[in-house]
file coords.pdb (PDB, C-alpha atoms and all ligand atoms)
ATOM      1  CA  MET D   4     -11.100 -25.169 -40.549
ATOM      2  CA  SER D   5      -8.729 -27.167 -38.331
ATOM      3  CA  LYS D   6      -6.022 -24.612 -39.150
ATOM      4  CA  ASN D   7      -8.271 -21.871 -37.798
ATOM      5  CA  LEU D   8      -8.818 -23.869 -34.634
ATOM      6  CA  LYS D   9      -5.055 -24.226 -34.210
ATOM      7  CA  TRP D  10      -4.660 -20.495 -34.555
ATOM      8  CA  ALA D  11      -7.467 -19.955 -32.063
ATOM      9  CA  ALA D  12      -5.760 -22.319 -29.619
ATOM     10  CA  ALA D  13      -2.395 -20.596 -30.097
ATOM     11  CA  PHE D  14      -3.993 -17.197 -29.637
ATOM     12  CA  GLY D  15      -5.785 -18.398 -26.525
ATOM     13  CA  ALA D  16      -2.515 -19.709 -25.087
ATOM     14  CA  VAL D  17      -0.786 -16.370 -25.696
ATOM     15  CA  VAL D  18      -3.637 -14.507 -24.002
ATOM     16  CA  LEU D  19      -3.455 -16.864 -21.009
ATOM     17  CA  ILE D  20       0.311 -16.406 -20.719
ATOM     18  CA  CYS D  21      -0.088 -12.611 -20.846
ATOM     19  CA  LEU D  22      -2.751 -12.735 -18.134
ATOM     20  CA  GLY D  23      -0.500 -14.952 -16.035
ATOM     21  CA  VAL D  24       2.382 -12.510 -16.387
ATOM     22  CA  ILE D  25       0.146  -9.591 -15.404
ATOM     23  CA  ILE D  26      -1.268 -11.396 -12.367
ATOM     24  CA  PHE D  27       2.147 -12.729 -11.326
ATOM     25  CA  GLY D  28       3.622  -9.256 -11.800
ATOM     26  CA  GLN D  29       1.110  -7.801  -9.361
ATOM     27  CA  PHE D  30       2.127 -10.278  -6.691
ATOM     28  CA  SER D  31       5.859 -10.156  -7.267
ATOM     29  CA  GLY D  32       6.460  -6.423  -7.248
ATOM     30  CA  GLY D  33       5.622  -3.099  -8.738
ATOM     31  CA  THR D  34       3.405  -2.272  -5.789
ATOM     32  CA  THR D  35       4.223   0.014  -2.912
ATOM     33  CA  THR D  36       4.028  -1.201   0.661
ATOM     34  CA  ALA D  37       3.649   0.892   3.788
ATOM     35  CA  GLU D  38       4.045  -0.025   7.421
ATOM     36  CA  ILE D  39       2.006   1.682  10.100
ATOM     37  CA  TYR D  40       3.520   1.884  13.561
ATOM     38  CA  VAL D  41       1.657   2.868  16.704
ATOM     39  CA  ASP D  42       3.719   3.476  19.817
ATOM     40  CA  GLY D  43       6.759   1.982  18.082
ATOM     41  CA  LYS D  44       4.987  -1.303  17.355
ATOM     42  CA  LEU D  45       4.024  -2.548  13.921
ATOM     43  CA  TYR D  46       0.269  -2.028  13.740
ATOM     44  CA  LYS D  47      -0.596  -2.762  10.144
ATOM     45  CA  VAL D  48       1.077  -3.484   6.832
ATOM     46  CA  VAL D  49      -0.594  -2.067   3.736
ATOM     47  CA  GLU D  50       0.814  -4.166   0.944
ATOM     48  CA  ASP D  51      -0.655  -2.567  -2.133
ATOM     49  CA  LEU D  52      -1.027   1.202  -2.145
ATOM     50  CA  ASP D  53      -1.555   1.238  -5.883
ATOM     51  CA  ARG D  54      -5.348   1.157  -5.940
ATOM     52  CA  GLN D  55      -7.673   2.730  -8.450
ATOM     53  CA  GLN D  56     -10.307   3.156  -5.757
ATOM     54  CA  LEU D  57      -9.662   5.339  -2.745
ATOM     55  CA  GLN D  58      -9.056   3.144   0.304
ATOM     56  CA  SER D  59      -9.315   4.323   3.882
ATOM     57  CA  PHE D  60      -8.986   2.771   7.298
ATOM     58  CA  ARG D  61      -9.095   4.050  10.822
ATOM     59  CA  ILE D  62      -6.456   3.679  13.490
ATOM     60  CA  GLU D  63      -7.509   3.900  17.101
ATOM     61  CA  THR D  64      -4.764   4.777  19.542
ATOM     62  CA  GLU D  65      -5.027   5.532  23.218
ATOM     63  CA  HIS D  66      -4.418   9.175  22.304
ATOM     64  CA  GLY D  67      -6.978   9.498  19.520
ATOM     65  CA  TYR D  68      -7.708   8.367  16.003
ATOM     66  CA  ASN D  69      -6.174   8.757  12.554
ATOM     67  CA  ILE D  70      -7.861   7.980   9.268
ATOM     68  CA  ILE D  71      -5.328   6.784   6.715
ATOM     69  CA  SER D  72      -6.121   6.870   3.018
ATOM     70  CA  TYR D  73      -4.273   5.450   0.043
ATOM     71  CA  GLN D  74      -4.681   5.405  -3.697
ATOM     72  CA  TRP D  75      -2.470   5.318  -6.811
ATOM     73  CA  GLY D  76       0.654   4.386  -4.845
ATOM     74  CA  LYS D  77       0.310   7.238  -2.366
ATOM     75  CA  ILE D  78      -0.640   7.202   1.301
ATOM     76  CA  TRP D  79      -1.668  10.042   3.568
ATOM     77  CA  VAL D  80      -3.540  10.937   6.741
ATOM     78  CA  SER D  81      -6.928  12.265   5.698
ATOM     79  CA  GLU D  82      -8.268  12.939   9.163
ATOM     80  CA  SER D  83      -7.103  12.997  12.751
ATOM     81  CA  ASP D  84      -8.229  14.422  16.054
ATOM     82  CA  CYS D  85      -4.681  15.171  17.155
ATOM     83  CA  ALA D  86      -3.782  18.567  18.596
ATOM     84  CA  ASN D  87      -1.390  19.902  15.958
ATOM     85  CA  GLN D  88      -2.864  18.385  12.750
ATOM     86  CA  THR D  89       0.670  18.123  11.361
ATOM     87  CA  CYS D  90       0.054  14.619  10.041
ATOM     88  CA  VAL D  91      -2.921  15.791   7.969
ATOM     89  CA  LYS D  92      -0.790  18.532   6.404
ATOM     90  CA  TYR D  93       2.015  16.173   5.369
ATOM     91  CA  ALA D  94       2.550  15.705   1.638
ATOM     92  CA  LYS D  95       1.293  12.376   0.330
ATOM     93  CA  ALA D  96       4.021   9.778   0.689
ATOM     94  CA  SER D  97       4.831   7.456  -2.183
ATOM     95  CA  LEU D  98       8.581   6.781  -2.184
ATOM     96  CA  ALA D  99      10.475   4.179  -0.174
ATOM     97  CA  GLY D 100      11.810   5.705   3.021
ATOM     98  CA  GLU D 101       9.228   8.483   3.189
ATOM     99  CA  THR D 102       7.453   8.789   6.509
ATOM    100  CA  ILE D 103       4.404  10.555   7.874
ATOM    101  CA  VAL D 104       4.398  11.110  11.597
ATOM    102  CA  CYS D 105       1.608  11.949  13.978
ATOM    103  CA  ALA D 106       3.622  12.825  17.057
ATOM    104  CA  PRO D 107       0.673  13.380  19.447
ATOM    105  CA  HIS D 108      -0.740   9.929  18.630
ATOM    106  CA  ARG D 109       2.679   8.282  18.232
ATOM    107  CA  VAL D 110       1.673   7.034  14.802
ATOM    108  CA  VAL D 111       4.284   6.574  12.075
ATOM    109  CA  ILE D 112       3.525   5.665   8.467
ATOM    110  CA  LYS D 113       6.591   4.448   6.636
ATOM    111  CA  ILE D 114       6.912   3.529   2.978
ATOM    112  CA  VAL D 115       9.063   0.441   2.771
ATOM    113  CA  GLY D 116       9.219   0.193  -0.998
ATOM    114  CA  THR D 117       8.320  -2.249  -3.663
ATOM    115  CA  ASP D 118      10.495  -5.190  -2.654
ATOM    116  CA  TYR D 119       8.913  -5.710   0.700
ATOM    117  CA  LYS D 120      10.337  -8.320   3.023
ATOM    118  CA  LYS D 121       8.709  -9.126   6.297
ATOM    119  CA  VAL D 122      10.702  -7.724   9.180
ATOM    120  CA  ASP D 123      10.350  -8.710  12.777
ATOM    121  CA  ALA D 124       8.133  -6.150  14.470
ATOM    122  CA  ALA D 125      10.509  -6.071  17.427
ATOM    123  CA  THR D 126      13.454  -4.721  15.441
TER     124      THR D 126
HETATM  125 ZN    ZN G 201      -1.563  14.033  13.916
END

call {"tool": "encode", "arguments": {"input": "coords.pdb", "output": "structure tokens"}}
result
Amino acid sequence: MSKNLKWAAAFGAVVLICLGVIIFGQFSGGTTTAEIYVDGKLYKVVEDLDRQQLQSFRIETEHGYNIISYQWGKIWVSESDCANQTCVKYAKASLAGETIVCAPHRVVIKIVGTDYKKVDAAT
């Protein structure tokens, strides 16, 4: 009986270690980060685009609004009241360096990759 308990304890420890690795892994990388700029200034950092659930948020600029959505490591503009609607027609961005631009609203969405380091907004 005590042998079984030992096995149970060992098994429990392995499960805990696995969980720890999974949780740590989610914080340390493997997620895609995007920066949103409005008028050349850093407006918002979206640190984890890799969501199962569709996420959306609204950006208000002095020129109009953009609704940004992200899911499964991709980000896109789902709605905007800008004149040319170019941003809405952009392909979903998912790779580091990809950008989506809404020129009329001066909004830029930039994928900065998985190893995100905080950069000074002024640079
Ligand atoms: Zn636009």

call {"tool": "residues_near_ligand", "arguments": {"input": "coords.pdb", "ligand": "ligand ZN 201 (chain G)", "cutoff": "8 Å", "atoms": "only C-alpha atoms and all ligand atoms", "output": "PyMOL selection string"}}
result
chain D and resi 69+83-91+104-108+110

call {"tool": "resolve_selection", "arguments": {"input": "coords.pdb", "expression": "the PyMOL selection byres (((chain D and resi 50) around 8) and not hetatm)", "output": "ChimeraX atom specification"}}
result
/D:34-37,48-49,51-52

call {"tool": "axis_aligned_box", "arguments": {"input": "coords.pdb", "around": "stretch 80-92 of chain D", "padding_each_side": "6 Å", "output": "lines of an AutoDock Vina configuration file"}}
result
center_x = -3.8
center_y = 15.4
center_z = 12.1
size_x = 20.9
size_y = 21.0
size_z = 24.9

call {"tool": "residues_near_point", "arguments": {"input": "coords.pdb", "point": "(-4.0, 4.9, 4.9)", "cutoff": "7 Å", "atoms": "all atoms listed in the file", "output": "PyMOL selection string"}}
result
chain D and resi 59-60+70-73+78-80

call {"tool": "resolve_selection", "arguments": {"input": "coords.pdb", "expression": "the PyMOL selection byres (((chain D and resi 74) around 6) and not hetatm)", "output": "ChimeraX atom specification"}}
result
/D:52-54,57,73,75-77

call {"tool": "closest_residue", "arguments": {"input": "coords.pdb", "among": "D:Ile20, D:Ala12, D:Val41, D:Ala99", "to": "D:Ile114", "atoms": "only C-alpha atoms"}}
result
D:Ala99

call {"tool": "atom_distance", "arguments": {"input": "coords.pdb", "atom1": "atom CA of D:Ser81", "atom2": "atom CA of D:Tyr46"}}
result
17.9 Å

call {"tool": "atom_distance", "arguments": {"input": "coords.pdb", "atom1": "atom CA of D:Lys44", "atom2": "atom CA of D:Arg109"}}
result
9.9 Å

call {"tool": "atom_distance", "arguments": {"input": "coords.pdb", "atom1": "atom CA of D:Glu63", "atom2": "atom CA of D:Ser97"}}
result
23.2 Å

call {"tool": "residues_near_point", "arguments": {"input": "coords.pdb", "point": "(2.8, 2.4, 11.1)", "cutoff": "7 Å", "atoms": "all atoms listed in the file", "output": "mmCIF file with C-alpha atoms, in the frame of the given file"}}
result
data_model
loop_
_atom_site.group_PDB
_atom_site.id
_atom_site.type_symbol
_atom_site.label_atom_id
_atom_site.label_comp_id
_atom_site.auth_asym_id
_atom_site.auth_seq_id
_atom_site.Cartn_x
_atom_site.Cartn_y
_atom_site.Cartn_z
ATOM 1 C CA GLU D 38 4.045 -0.025 7.421
ATOM 2 C CA ILE D 39 2.006 1.682 10.100
ATOM 3 C CA TYR D 40 3.520 1.884 13.561
ATOM 4 C CA VAL D 41 1.657 2.868 16.704
ATOM 5 C CA LEU D 45 4.024 -2.548 13.921
ATOM 6 C CA TYR D 46 0.269 -2.028 13.740
ATOM 7 C CA LYS D 47 -0.596 -2.762 10.144
ATOM 8 C CA VAL D 110 1.673 7.034 14.802
ATOM 9 C CA VAL D 111 4.284 6.574 12.075
ATOM 10 C CA ILE D 112 3.525 5.665 8.467
ATOM 11 C CA LYS D 113 6.591 4.448 6.636
#
